[in-house]
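> Sharing my_file26.tsv below, TSV, C-alpha atoms:
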```
chain	number	residue	atom	x	y	z
A	1	MET	CA	0.00	0.00	0.00
A	2	PRO	CA	1.55	3.34	-1.04
A	3	SER	CA	1.98	6.04	1.59
A	4	LYS	CA	-0.67	8.75	1.63
A	5	PRO	CA	-1.03	12.32	2.82
A	6	VAL	CA	-3.25	12.67	5.87
A	7	LEU	CA	-5.52	15.59	6.73
A	8	ILE	CA	-5.37	16.42	10.45
A	9	VAL	CA	-8.42	18.38	11.65
A	10	VAL	CA	-7.49	19.79	15.05
A	11	ASP	CA	-10.12	20.65	17.70
A	12	LEU	CA	-12.71	22.09	15.32
A	13	GLN	CA	-15.31	21.54	18.01
A	14	ARG	CA	-18.63	23.06	19.01
A	15	TYR	CA	-17.40	24.48	22.30
A	16	TYR	CA	-15.19	26.98	20.46
A	17	ILE	CA	-18.00	28.38	18.36
A	18	ASP	CA	-21.35	27.68	20.00
A	19	PRO	CA	-22.47	30.83	21.88
A	20	GLU	CA	-24.08	28.63	24.54
A	21	SER	CA	-20.80	26.96	25.55
A	22	ASN	CA	-19.28	28.02	28.86
A	23	PHE	CA	-15.91	28.08	27.11
A	24	ARG	CA	-17.23	31.16	25.32
A	25	ARG	CA	-19.64	32.51	27.89
A	26	TYR	CA	-17.01	32.90	30.63
A	27	PRO	CA	-14.57	35.17	28.73
A	28	GLU	CA	-17.47	37.00	27.10
A	29	SER	CA	-18.83	37.81	30.56
A	30	ARG	CA	-15.73	39.97	31.00
A	31	ASP	CA	-15.26	41.08	27.39
A	32	PRO	CA	-18.27	40.73	25.05
A	33	ALA	CA	-15.97	40.86	22.03
A	34	ALA	CA	-13.61	38.14	23.26
A	35	PHE	CA	-14.65	35.64	20.58
A	36	GLN	CA	-15.69	38.04	17.85
A	37	TYR	CA	-12.60	37.51	15.69
A	38	ILE	CA	-12.35	33.73	15.94
A	39	GLU	CA	-16.10	33.20	15.53
A	40	GLN	CA	-16.28	35.30	12.38
A	41	ARG	CA	-13.15	33.72	10.90
A	42	CYS	CA	-14.43	30.22	11.63
A	43	ARG	CA	-17.85	30.94	10.16
A	44	ASP	CA	-16.74	32.81	7.05
A	45	ILE	CA	-13.35	31.28	6.25
A	46	VAL	CA	-12.19	28.28	8.25
A	47	VAL	CA	-15.22	25.97	8.20
A	48	PRO	CA	-15.94	26.50	4.46
A	49	ASN	CA	-12.30	25.75	3.65
A	50	VAL	CA	-12.14	22.70	5.90
A	51	LYS	CA	-15.19	21.40	4.05
A	52	LYS	CA	-13.28	21.83	0.77
A	53	LEU	CA	-10.26	20.01	2.15
A	54	LEU	CA	-12.42	17.18	3.48
A	55	ALA	CA	-14.10	16.78	0.10
A	56	HIS	CA	-10.73	16.78	-1.67
A	57	PHE	CA	-9.19	14.16	0.60
A	58	ARG	CA	-12.29	11.97	0.52
A	59	ASP	CA	-12.43	12.15	-3.27
A	60	HIS	CA	-8.82	10.92	-3.42
A	61	ASP	CA	-9.38	8.26	-0.74
A	62	TRP	CA	-6.75	9.90	1.45
A	63	PRO	CA	-7.14	9.49	5.22
A	64	VAL	CA	-8.65	12.11	7.52
A	65	VAL	CA	-7.95	12.18	11.26
A	66	PHE	CA	-9.95	14.36	13.64
A	67	LEU	CA	-8.52	15.42	17.00
A	68	ARG	CA	-10.75	16.54	19.86
A	69	LEU	CA	-9.76	18.22	23.11
A	70	CYS	CA	-12.03	16.87	25.84
A	71	GLY	CA	-11.83	15.31	29.27
A	72	GLN	CA	-12.75	11.82	30.38
A	73	ASN	CA	-12.87	12.47	34.14
A	74	PRO	CA	-15.92	14.45	35.35
A	75	ASP	CA	-13.68	16.73	37.43
A	76	ARG	CA	-11.37	17.34	34.43
A	77	SER	CA	-8.42	16.09	36.49
A	78	ASP	CA	-7.02	14.34	33.41
A	79	LEU	CA	-6.63	17.58	31.46
A	80	HIS	CA	-3.30	19.34	30.89
A	81	HIS	CA	-2.60	21.52	33.92
A	82	SER	CA	-3.21	24.71	31.91
A	83	PHE	CA	-6.67	23.55	30.81
A	84	ARG	CA	-7.42	22.19	34.27
A	85	GLN	CA	-6.54	25.48	35.94
A	86	SER	CA	-8.66	27.46	33.48
A	87	ASN	CA	-11.55	25.11	34.11
A	88	GLU	CA	-11.25	25.60	37.88
A	89	VAL	CA	-11.14	29.40	37.60
A	90	ALA	CA	-14.18	29.46	35.31
A	91	GLU	CA	-16.12	27.08	37.54
A	92	ALA	CA	-15.45	29.29	40.57
A	93	ALA	CA	-16.91	32.20	38.58
A	94	GLY	CA	-20.08	30.24	37.81
A	95	TYR	CA	-19.15	28.74	34.43
A	96	PRO	CA	-18.46	25.02	35.00
A	97	GLY	CA	-17.09	22.62	32.42
A	98	ILE	CA	-15.56	25.06	29.95
A	99	TYR	CA	-13.75	22.06	28.50
A	100	PRO	CA	-16.35	19.43	27.60
A	101	LEU	CA	-16.27	15.76	28.45
A	102	ALA	CA	-15.93	13.34	25.57
A	103	ASP	CA	-19.59	12.32	25.65
A	104	GLU	CA	-21.00	15.85	25.81
A	105	PRO	CA	-22.41	17.59	22.72
A	106	MET	CA	-19.96	20.51	22.98
A	107	ALA	CA	-17.10	18.06	22.38
A	108	ASP	CA	-18.46	17.21	18.93
A	109	VAL	CA	-16.79	18.41	15.76
A	110	VAL	CA	-18.85	21.26	14.29
A	111	PRO	CA	-21.70	19.81	12.19
A	112	ASP	CA	-20.59	21.40	8.90
A	113	ALA	CA	-17.25	19.59	9.09
A	114	ALA	CA	-18.30	16.44	10.95
A	115	PRO	CA	-16.48	13.14	10.42
A	116	LEU	CA	-18.11	10.52	8.25
A	117	LYS	CA	-18.79	7.03	9.52
A	118	GLY	CA	-15.51	5.17	9.77
A	119	GLU	CA	-13.26	8.24	9.87
A	120	LEU	CA	-10.90	8.39	12.82
A	121	VAL	CA	-11.68	10.63	15.79
A	122	LEU	CA	-8.99	10.74	18.48
A	123	ASP	CA	-9.49	12.39	21.86
A	124	LYS	CA	-6.69	14.15	23.71
A	125	VAL	CA	-6.25	16.06	26.97
A	126	THR	CA	-3.11	18.02	26.04
A	127	PHE	CA	-2.12	20.58	23.43
A	128	SER	CA	-0.41	17.99	21.22
A	129	GLY	CA	-2.20	14.99	19.87
A	130	PHE	CA	1.06	13.04	20.12
A	131	THR	CA	1.18	13.43	23.90
A	132	SER	CA	-2.20	12.01	24.90
A	133	SER	CA	-3.69	10.11	21.97
A	134	ASP	CA	-2.54	7.19	19.83
A	135	ILE	CA	-2.13	9.35	16.72
A	136	GLU	CA	1.47	8.22	16.30
A	137	ASP	CA	0.43	4.57	16.02
A	138	VAL	CA	-2.45	5.57	13.73
A	139	LEU	CA	-0.15	7.44	11.34
A	140	ILE	CA	2.24	4.51	11.20
A	141	ARG	CA	-0.65	2.17	10.46
A	142	LEU	CA	-1.88	4.51	7.72
A	143	ASP	CA	1.65	4.73	6.30
A	144	ALA	CA	1.26	8.51	6.35
A	145	SER	CA	3.52	10.65	4.23
A	146	GLU	CA	2.73	14.38	4.53
A	147	LEU	CA	0.47	15.78	7.25
A	148	VAL	CA	-1.87	18.61	6.26
A	149	PHE	CA	-3.06	20.65	9.24
A	150	CYS	CA	-6.24	22.64	9.72
A	151	GLY	CA	-8.41	23.58	12.71
A	152	LEU	CA	-8.06	25.42	16.01
A	153	ALA	CA	-6.20	27.19	17.46
A	154	THR	CA	-3.26	27.97	15.20
A	155	SER	CA	-0.75	28.93	17.90
A	156	GLN	CA	-1.86	26.32	20.39
A	157	CYS	CA	-3.02	22.78	19.61
A	158	VAL	CA	-2.41	23.00	15.86
A	159	ASP	CA	1.13	24.33	16.25
A	160	THR	CA	2.07	21.98	19.09
A	161	THR	CA	0.83	18.90	17.26
A	162	ALA	CA	2.54	20.02	14.04
A	163	ARG	CA	5.87	20.55	15.79
A	164	ASP	CA	5.68	17.12	17.37
A	165	ALA	CA	4.89	15.67	13.95
A	166	ALA	CA	7.91	17.41	12.45
A	167	ASP	CA	10.15	16.00	15.20
A	168	ARG	CA	8.96	12.56	14.17
A	169	GLY	CA	9.97	13.13	10.56
A	170	TYR	CA	6.64	14.04	8.96
A	171	PRO	CA	6.58	16.88	6.43
A	172	VAL	CA	4.10	19.46	7.74
A	173	ILE	CA	1.73	21.54	5.61
A	174	HIS	CA	-0.29	24.28	7.30
A	175	VAL	CA	-3.42	25.43	5.48
A	176	GLU	CA	-3.46	29.11	6.42
A	177	ASP	CA	-7.08	29.86	5.60
A	178	ALA	CA	-8.36	26.68	7.25
A	179	GLN	CA	-6.98	27.60	10.68
A	180	ALA	CA	-7.93	30.26	13.22
A	181	ASP	CA	-6.58	31.79	16.41
A	182	TYR	CA	-7.86	34.38	18.85
A	183	SER	CA	-6.31	37.21	16.83
A	184	GLU	CA	-4.89	37.71	13.37
A	185	MET	CA	-1.51	38.54	14.89
A	186	SER	CA	-1.18	35.31	16.84
A	187	HIS	CA	-2.39	33.34	13.82
A	188	GLN	CA	0.16	34.82	11.43
A	189	THR	CA	2.99	34.81	13.98
A	190	SER	CA	2.49	31.12	14.67
A	191	LEU	CA	2.57	30.23	10.97
A	192	TYR	CA	5.69	32.36	10.45
A	193	ALA	CA	7.42	30.64	13.36
A	194	SER	CA	6.46	27.21	12.05
A	195	GLN	CA	8.22	27.90	8.76
A	196	GLY	CA	11.38	28.94	10.58
A	197	VAL	CA	11.48	26.39	13.38
A	198	CYS	CA	9.89	23.09	12.37
A	199	GLY	CA	9.91	23.38	8.61
A	200	GLY	CA	6.19	23.76	8.21
A	201	CYS	CA	5.04	24.77	4.75
A	202	VAL	CA	2.20	27.30	4.58
A	203	TYR	CA	-0.36	27.29	1.76
A	204	SER	CA	-3.95	28.27	1.06
A	205	THR	CA	-6.79	25.81	0.63
A	206	GLU	CA	-6.89	26.43	-3.11
A	207	GLU	CA	-3.16	25.75	-3.45
A	208	VAL	CA	-3.56	22.44	-1.61
A	209	ILE	CA	-6.53	21.18	-3.63
A	210	GLU	CA	-5.08	22.25	-6.98
A	211	VAL	CA	-2.09	19.86	-6.82
A	212	ASP	CA	-2.21	16.17	-7.61
A	213	ASN	CA	-0.44	15.34	-4.36
A	214	PRO	CA	0.43	17.50	-1.33
A	215	ALA	CA	3.95	16.09	-1.55
A	216	ASP	CA	4.44	18.52	-4.45
A	217	LEU	CA	4.04	21.41	-1.98
A	218	VAL	CA	6.76	20.33	0.47
A	219	TYR	CA	9.90	22.43	0.30
```
Turn this file's structure into structure tokens for me.

Amino acid sequence: MPSKPVLIVVDLQRYYIDPESNFRRYPESRDPAAFQYIEQRCRDIVVPNVKKLLAHFRDHDWPVVFLRLCGQNPDRSDLHHSFRQSNEVAEAAGYPGIYPLADEPMADVVPDAAPLKGELVLDKVTFSGFTSSDIEDVLIRLDASELVFCGLATSQCVDTTARDAADRGYPVIHVEDAQADYSEMSHQTSLYASQGVCGGCVYSTEEVIEVDNPADLVY
């Protein structure tokens, strides 16, 4: 079986976008515009482009792997200490469970980019998928070549997972207009740093879907 590029959809979950999630409601209680940028970018740019990437990979029978950030323990004690601390602070302010549990609706991938039956969905409790999921074994089993990254948030879980992938020898392609962060500055800075530090290649959705194979984009 020949090696294949793999699309990695990072944390494109309801809790980021749904206005009813406590993950949004808590920061918006202090700053009503806290999620204005990322919500608009996800709605107008990221989700439509992720849908294009999903269609492209599915048409070519290339694998898609979804990562989700969510807890398993009801008290969120299994989460990375940064997430756990944020959850505790928000709960004390009256906004419990800002990070959803795996079986809660807010943990789901957003409906417009939802996985199809049989596509892989891996849960994690850390920034990097390599630290707390079996993505490494999955990629070996898939005989993955290049990894194409999209999702949320650019400077956090996307970047950390991509850097870990690069350390393991995978060529990394970031799809700039299929990722979002909490500001345009942090988004662009993260992508710039990826090019300089872990060899990540940065392209648009159209550039990715126009080539016969993402390997042609690796430099």
> Skipping near chain neighbours, those fewer than 4 positions away, what residues fall within 12 Å of His187 (chain A) using only C-alpha atoms, listed as a list of chain:residue names?
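Counting only the stated atoms, we get A:Tyr37, A:Ile38, A:Arg41, A:Gly151, A:Leu152, A:Ala153, A:Thr154, A:Ser155, A:Gln156, A:Val158, A:Asp159, A:His174, A:Val175, A:Glu176, A:Asp177, A:Ala178, A:Gln179, A:Ala180, A:Asp181, A:Tyr182, A:Ser183, A:Leu191, A:Tyr192, A:Ala193, A:Ser194, A:Val202.
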> Name the residues in contact with region 136-143 of chain A at a cut-off of 7 Å, using only C-alpha atoms, excluding same-chain residues fewer than 4 positions from it; report them as a ChimeraX atom specification.
/A:3-4,130
> Go ahead and write the residues just picked, C-alpha atoms, as an mmCIF file, keeping the file's coordinate frame.

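Dumped everything to part28.cif:
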```
data_model
loop_
_atom_site.group_PDB
_atom_site.id
_atom_site.type_symbol
_atom_site.label_atom_id
_atom_site.label_comp_id
_atom_site.auth_asym_id
_atom_site.auth_seq_id
_atom_site.Cartn_x
_atom_site.Cartn_y
_atom_site.Cartn_z
ATOM 1 C CA SER A 3 1.980 6.040 1.590
ATOM 2 C CA LYS A 4 -0.670 8.750 1.630
ATOM 3 C CA PHE A 130 1.060 13.040 20.120
#
```
> (-6.7, 7.2, 7.1) in this file's frame - what residues fall within 10 Å of it? Use only C-alpha atoms and give the answer as a list of chain:residue names.
A:Lys4, A:Pro5, A:Val6, A:Leu7, A:Ile8, A:Phe57, A:Arg58, A:Asp61, A:Trp62, A:Pro63, A:Val64, A:Val65, A:Gly118, A:Glu119, A:Leu120, A:Val138, A:Leu139, A:Arg141, A:Leu142, A:Asp143, A:Ala144
> Can you work out which one of A:Thr161, A:Ser132, A:Asn87, A:Ser186 has the shortest atom-to-atom distance to Tyr26 (chain A), counting all atoms listed in the file?
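Counting all atoms listed in the file, the residue closest to Tyr26 (chain A) is A:Asn87.
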> Just checking: using all atoms listed in the file, which residue out of A:Leu217, A:Leu79, A:Val211, A:Val50 ends up closest to Val10 (chain A)?
A:Val50
> Between A:Val148, A:Pro19, A:Phe83, A:Phe127, single out the one closest to Ile209 (chain A), counting only C-alpha atoms.
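Using only C-alpha atoms, Ile209 (chain A) sits closest to A:Val148.
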> Specify the axis-aligned box that encloses all atoms of region 18-23 of chain A listed in the file after padding of 4 Å on each side, stating its centre and edge lengths in Å to one decimal as lines of an AutoDock Vina configuration file.

```
center_x = -20.0
center_y = 28.9
center_z = 24.4
size_x = 16.2
size_y = 11.9
size_z = 16.9
```
> Produce a table with one row for each residue of region 86-185 of chain A that has an atom at most 7 Å from any atom of region 66-72 of chain A, each row naming the nearest atom pair and its distance in Å at one decimal; use only C-alpha atoms; arrange rows by chain and rising residue number; format as a Markdown table.

```
| residue | atom | partner | partner_atom | distance |
| --- | --- | --- | --- | --- |
| A:Tyr99 | CA | A:Cys70 | CA | 6.1 |
| A:Pro100 | CA | A:Cys70 | CA | 5.3 |
| A:Leu101 | CA | A:Gly71 | CA | 4.5 |
| A:Ala102 | CA | A:Cys70 | CA | 5.3 |
| A:Ala107 | CA | A:Cys70 | CA | 6.3 |
| A:Leu120 | CA | A:Phe66 | CA | 6.1 |
| A:Val121 | CA | A:Phe66 | CA | 4.6 |
| A:Leu122 | CA | A:Leu67 | CA | 4.9 |
| A:Asp123 | CA | A:Arg68 | CA | 4.8 |
| A:Lys124 | CA | A:Leu69 | CA | 5.1 |
| A:Val125 | CA | A:Leu69 | CA | 5.6 |
| A:Gly129 | CA | A:Leu67 | CA | 7.0 |
```
> What is the CA of Cys201 (chain A) to CA of Phe149 (chain A) distance in Å?
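About the pair CA of Cys201 (chain A) and CA of Phe149 (chain A): they are 10.1 Å apart.
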> When you draw a straight line from CA of Gly200 (chain A) to CA of Leu12 (chain A), how long is it in Å?
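Between these atoms lies a distance of 20.3 Å.
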> CA of Leu116 (chain A) and CA of Ala55 (chain A) are how many Å apart?
11.0 Å
> Using only C-alpha atoms, find the one residue out of A:Ser29, A:Asn49, A:Ser145, A:Asn73 that sits nearest to Ser204 (chain A).
A:Asn49
> For Cys150 (chain A), which residue out of A:Thr205, A:Thr189, A:Ser133, A:Ser77 is the nearest one, using only C-alpha atoms?
A:Thr205
> With distances taken over all atoms listed in the file, which residue among A:Ala33, A:Ile98, A:Cys157, A:Val9 lies nearest Val46 (chain A)?
A:Val9
> Could you pull the residues within 9 Å of Val218 (chain A), counting only C-alpha atoms, minus those fewer than 4 positions along the same chain, as an MDAnalysis selection string?
chainID A and resid 146 171:173 200:201 214
> Which polymer residues have any atom within 12 Å of an atom of Gly94 (chain A), counting all atoms listed in the file, with same-chain residues fewer than 2 positions away left out, as an MDAnalysis selection string?
chainID A and resid 22:23 25:27 29 87:92 96:98
> Generate N, CA and C atoms for region 110-143 of chain A and emit them as a PDB file, keeping the file's coordinate frame.

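Written output follows (out_13.pdb):
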```
ATOM      1  N   VAL A 110     -17.745  20.428  14.778  1.00  0.00           N
ATOM      2  CA  VAL A 110     -18.850  21.260  14.290  1.00  0.00           C
ATOM      3  C   VAL A 110     -19.590  20.522  13.172  1.00  0.00           C
ATOM      4  N   PRO A 111     -20.909  20.623  13.133  1.00  0.00           N
ATOM      5  CA  PRO A 111     -21.700  19.810  12.190  1.00  0.00           C
ATOM      6  C   PRO A 111     -21.294  19.974  10.731  1.00  0.00           C
ATOM      7  N   ASP A 112     -20.922  21.177  10.310  1.00  0.00           N
ATOM      8  CA  ASP A 112     -20.590  21.400   8.900  1.00  0.00           C
ATOM      9  C   ASP A 112     -19.301  20.712   8.473  1.00  0.00           C
ATOM     10  N   ALA A 113     -18.505  20.265   9.432  1.00  0.00           N
ATOM     11  CA  ALA A 113     -17.250  19.590   9.090  1.00  0.00           C
ATOM     12  C   ALA A 113     -17.142  18.261   9.828  1.00  0.00           C
ATOM     13  N   ALA A 114     -18.265  17.649  10.120  1.00  0.00           N
ATOM     14  CA  ALA A 114     -18.300  16.440  10.950  1.00  0.00           C
ATOM     15  C   ALA A 114     -17.664  15.243  10.240  1.00  0.00           C
ATOM     16  N   PRO A 115     -17.050  14.357  11.016  1.00  0.00           N
ATOM     17  CA  PRO A 115     -16.480  13.140  10.420  1.00  0.00           C
ATOM     18  C   PRO A 115     -17.572  12.230   9.858  1.00  0.00           C
ATOM     19  N   LEU A 116     -17.227  11.533   8.801  1.00  0.00           N
ATOM     20  CA  LEU A 116     -18.110  10.520   8.250  1.00  0.00           C
ATOM     21  C   LEU A 116     -17.929   9.212   9.016  1.00  0.00           C
ATOM     22  N   LYS A 117     -18.880   8.330   8.872  1.00  0.00           N
ATOM     23  CA  LYS A 117     -18.790   7.030   9.520  1.00  0.00           C
ATOM     24  C   LYS A 117     -17.507   6.325   9.085  1.00  0.00           C
ATOM     25  N   GLY A 118     -16.745   5.873  10.054  1.00  0.00           N
ATOM     26  CA  GLY A 118     -15.510   5.170   9.770  1.00  0.00           C
ATOM     27  C   GLY A 118     -14.267   6.039   9.809  1.00  0.00           C
ATOM     28  N   GLU A 119     -14.430   7.362   9.772  1.00  0.00           N
ATOM     29  CA  GLU A 119     -13.260   8.240   9.870  1.00  0.00           C
ATOM     30  C   GLU A 119     -12.797   8.311  11.323  1.00  0.00           C
ATOM     31  N   LEU A 120     -11.507   8.487  11.492  1.00  0.00           N
ATOM     32  CA  LEU A 120     -10.900   8.390  12.820  1.00  0.00           C
ATOM     33  C   LEU A 120     -11.079   9.669  13.615  1.00  0.00           C
ATOM     34  N   VAL A 121     -11.548   9.519  14.847  1.00  0.00           N
ATOM     35  CA  VAL A 121     -11.680  10.630  15.790  1.00  0.00           C
ATOM     36  C   VAL A 121     -10.898  10.245  17.042  1.00  0.00           C
ATOM     37  N   LEU A 122      -9.866  11.020  17.344  1.00  0.00           N
ATOM     38  CA  LEU A 122      -8.990  10.740  18.480  1.00  0.00           C
ATOM     39  C   LEU A 122      -9.133  11.829  19.527  1.00  0.00           C
ATOM     40  N   ASP A 123      -9.366  11.428  20.767  1.00  0.00           N
ATOM     41  CA  ASP A 123      -9.490  12.390  21.860  1.00  0.00           C
ATOM     42  C   ASP A 123      -8.150  12.579  22.552  1.00  0.00           C
ATOM     43  N   LYS A 124      -7.918  13.811  23.022  1.00  0.00           N
ATOM     44  CA  LYS A 124      -6.690  14.150  23.710  1.00  0.00           C
ATOM     45  C   LYS A 124      -7.011  15.070  24.878  1.00  0.00           C
ATOM     46  N   VAL A 125      -6.058  15.188  25.810  1.00  0.00           N
ATOM     47  CA  VAL A 125      -6.250  16.060  26.970  1.00  0.00           C
ATOM     48  C   VAL A 125      -5.097  17.048  27.104  1.00  0.00           C
ATOM     49  N   THR A 126      -4.274  17.131  26.067  1.00  0.00           N
ATOM     50  CA  THR A 126      -3.110  18.020  26.040  1.00  0.00           C
ATOM     51  C   THR A 126      -3.145  18.834  24.756  1.00  0.00           C
ATOM     52  N   PHE A 127      -2.203  19.782  24.644  1.00  0.00           N
ATOM     53  CA  PHE A 127      -2.120  20.580  23.430  1.00  0.00           C
ATOM     54  C   PHE A 127      -1.806  19.705  22.217  1.00  0.00           C
ATOM     55  N   SER A 128      -0.828  18.833  22.343  1.00  0.00           N
ATOM     56  CA  SER A 128      -0.410  17.990  21.220  1.00  0.00           C
ATOM     57  C   SER A 128      -1.147  16.669  21.200  1.00  0.00           C
ATOM     58  N   GLY A 129      -1.581  16.296  20.020  1.00  0.00           N
ATOM     59  CA  GLY A 129      -2.200  14.990  19.870  1.00  0.00           C
ATOM     60  C   GLY A 129      -1.229  13.849  20.114  1.00  0.00           C
ATOM     61  N   PHE A 130       0.068  14.107  19.931  1.00  0.00           N
ATOM     62  CA  PHE A 130       1.060  13.040  20.120  1.00  0.00           C
ATOM     63  C   PHE A 130       1.281  12.717  21.592  1.00  0.00           C
ATOM     64  N   THR A 131       0.917  13.627  22.480  1.00  0.00           N
ATOM     65  CA  THR A 131       1.180  13.430  23.900  1.00  0.00           C
ATOM     66  C   THR A 131       0.121  12.573  24.576  1.00  0.00           C
ATOM     67  N   SER A 132      -1.128  12.670  24.138  1.00  0.00           N
ATOM     68  CA  SER A 132      -2.200  12.010  24.900  1.00  0.00           C
ATOM     69  C   SER A 132      -3.218  11.294  24.020  1.00  0.00           C
ATOM     70  N   SER A 133      -2.848  10.969  22.801  1.00  0.00           N
ATOM     71  CA  SER A 133      -3.690  10.110  21.970  1.00  0.00           C
ATOM     72  C   SER A 133      -2.775   9.125  21.252  1.00  0.00           C
ATOM     73  N   ASP A 134      -3.367   8.183  20.544  1.00  0.00           N
ATOM     74  CA  ASP A 134      -2.540   7.190  19.830  1.00  0.00           C
ATOM     75  C   ASP A 134      -2.336   7.581  18.377  1.00  0.00           C
ATOM     76  N   ILE A 135      -2.279   8.903  18.103  1.00  0.00           N
ATOM     77  CA  ILE A 135      -2.130   9.350  16.720  1.00  0.00           C
ATOM     78  C   ILE A 135      -0.841   8.833  16.091  1.00  0.00           C
ATOM     79  N   GLU A 136       0.216   8.697  16.878  1.00  0.00           N
ATOM     80  CA  GLU A 136       1.470   8.220  16.300  1.00  0.00           C
ATOM     81  C   GLU A 136       1.303   6.813  15.738  1.00  0.00           C
ATOM     82  N   ASP A 137       0.672   5.929  16.501  1.00  0.00           N
ATOM     83  CA  ASP A 137       0.430   4.570  16.020  1.00  0.00           C
ATOM     84  C   ASP A 137      -0.509   4.580  14.815  1.00  0.00           C
ATOM     85  N   VAL A 138      -1.504   5.465  14.847  1.00  0.00           N
ATOM     86  CA  VAL A 138      -2.450   5.570  13.730  1.00  0.00           C
ATOM     87  C   VAL A 138      -1.724   5.977  12.451  1.00  0.00           C
ATOM     88  N   LEU A 139      -0.859   6.969  12.538  1.00  0.00           N
ATOM     89  CA  LEU A 139      -0.150   7.440  11.340  1.00  0.00           C
ATOM     90  C   LEU A 139       0.787   6.377  10.787  1.00  0.00           C
ATOM     91  N   ILE A 140       1.391   5.617  11.667  1.00  0.00           N
ATOM     92  CA  ILE A 140       2.240   4.510  11.200  1.00  0.00           C
ATOM     93  C   ILE A 140       1.389   3.474  10.482  1.00  0.00           C
ATOM     94  N   ARG A 141       0.248   3.160  11.069  1.00  0.00           N
ATOM     95  CA  ARG A 141      -0.650   2.170  10.460  1.00  0.00           C
ATOM     96  C   ARG A 141      -1.167   2.644   9.104  1.00  0.00           C
ATOM     97  N   LEU A 142      -1.397   3.947   8.989  1.00  0.00           N
ATOM     98  CA  LEU A 142      -1.880   4.510   7.720  1.00  0.00           C
ATOM     99  C   LEU A 142      -0.761   4.675   6.706  1.00  0.00           C
ATOM    100  N   ASP A 143       0.488   4.470   7.144  1.00  0.00           N
ATOM    101  CA  ASP A 143       1.650   4.730   6.300  1.00  0.00           C
ATOM    102  C   ASP A 143       1.604   6.165   5.770  1.00  0.00           C
TER     103      ASP A 143
END
```
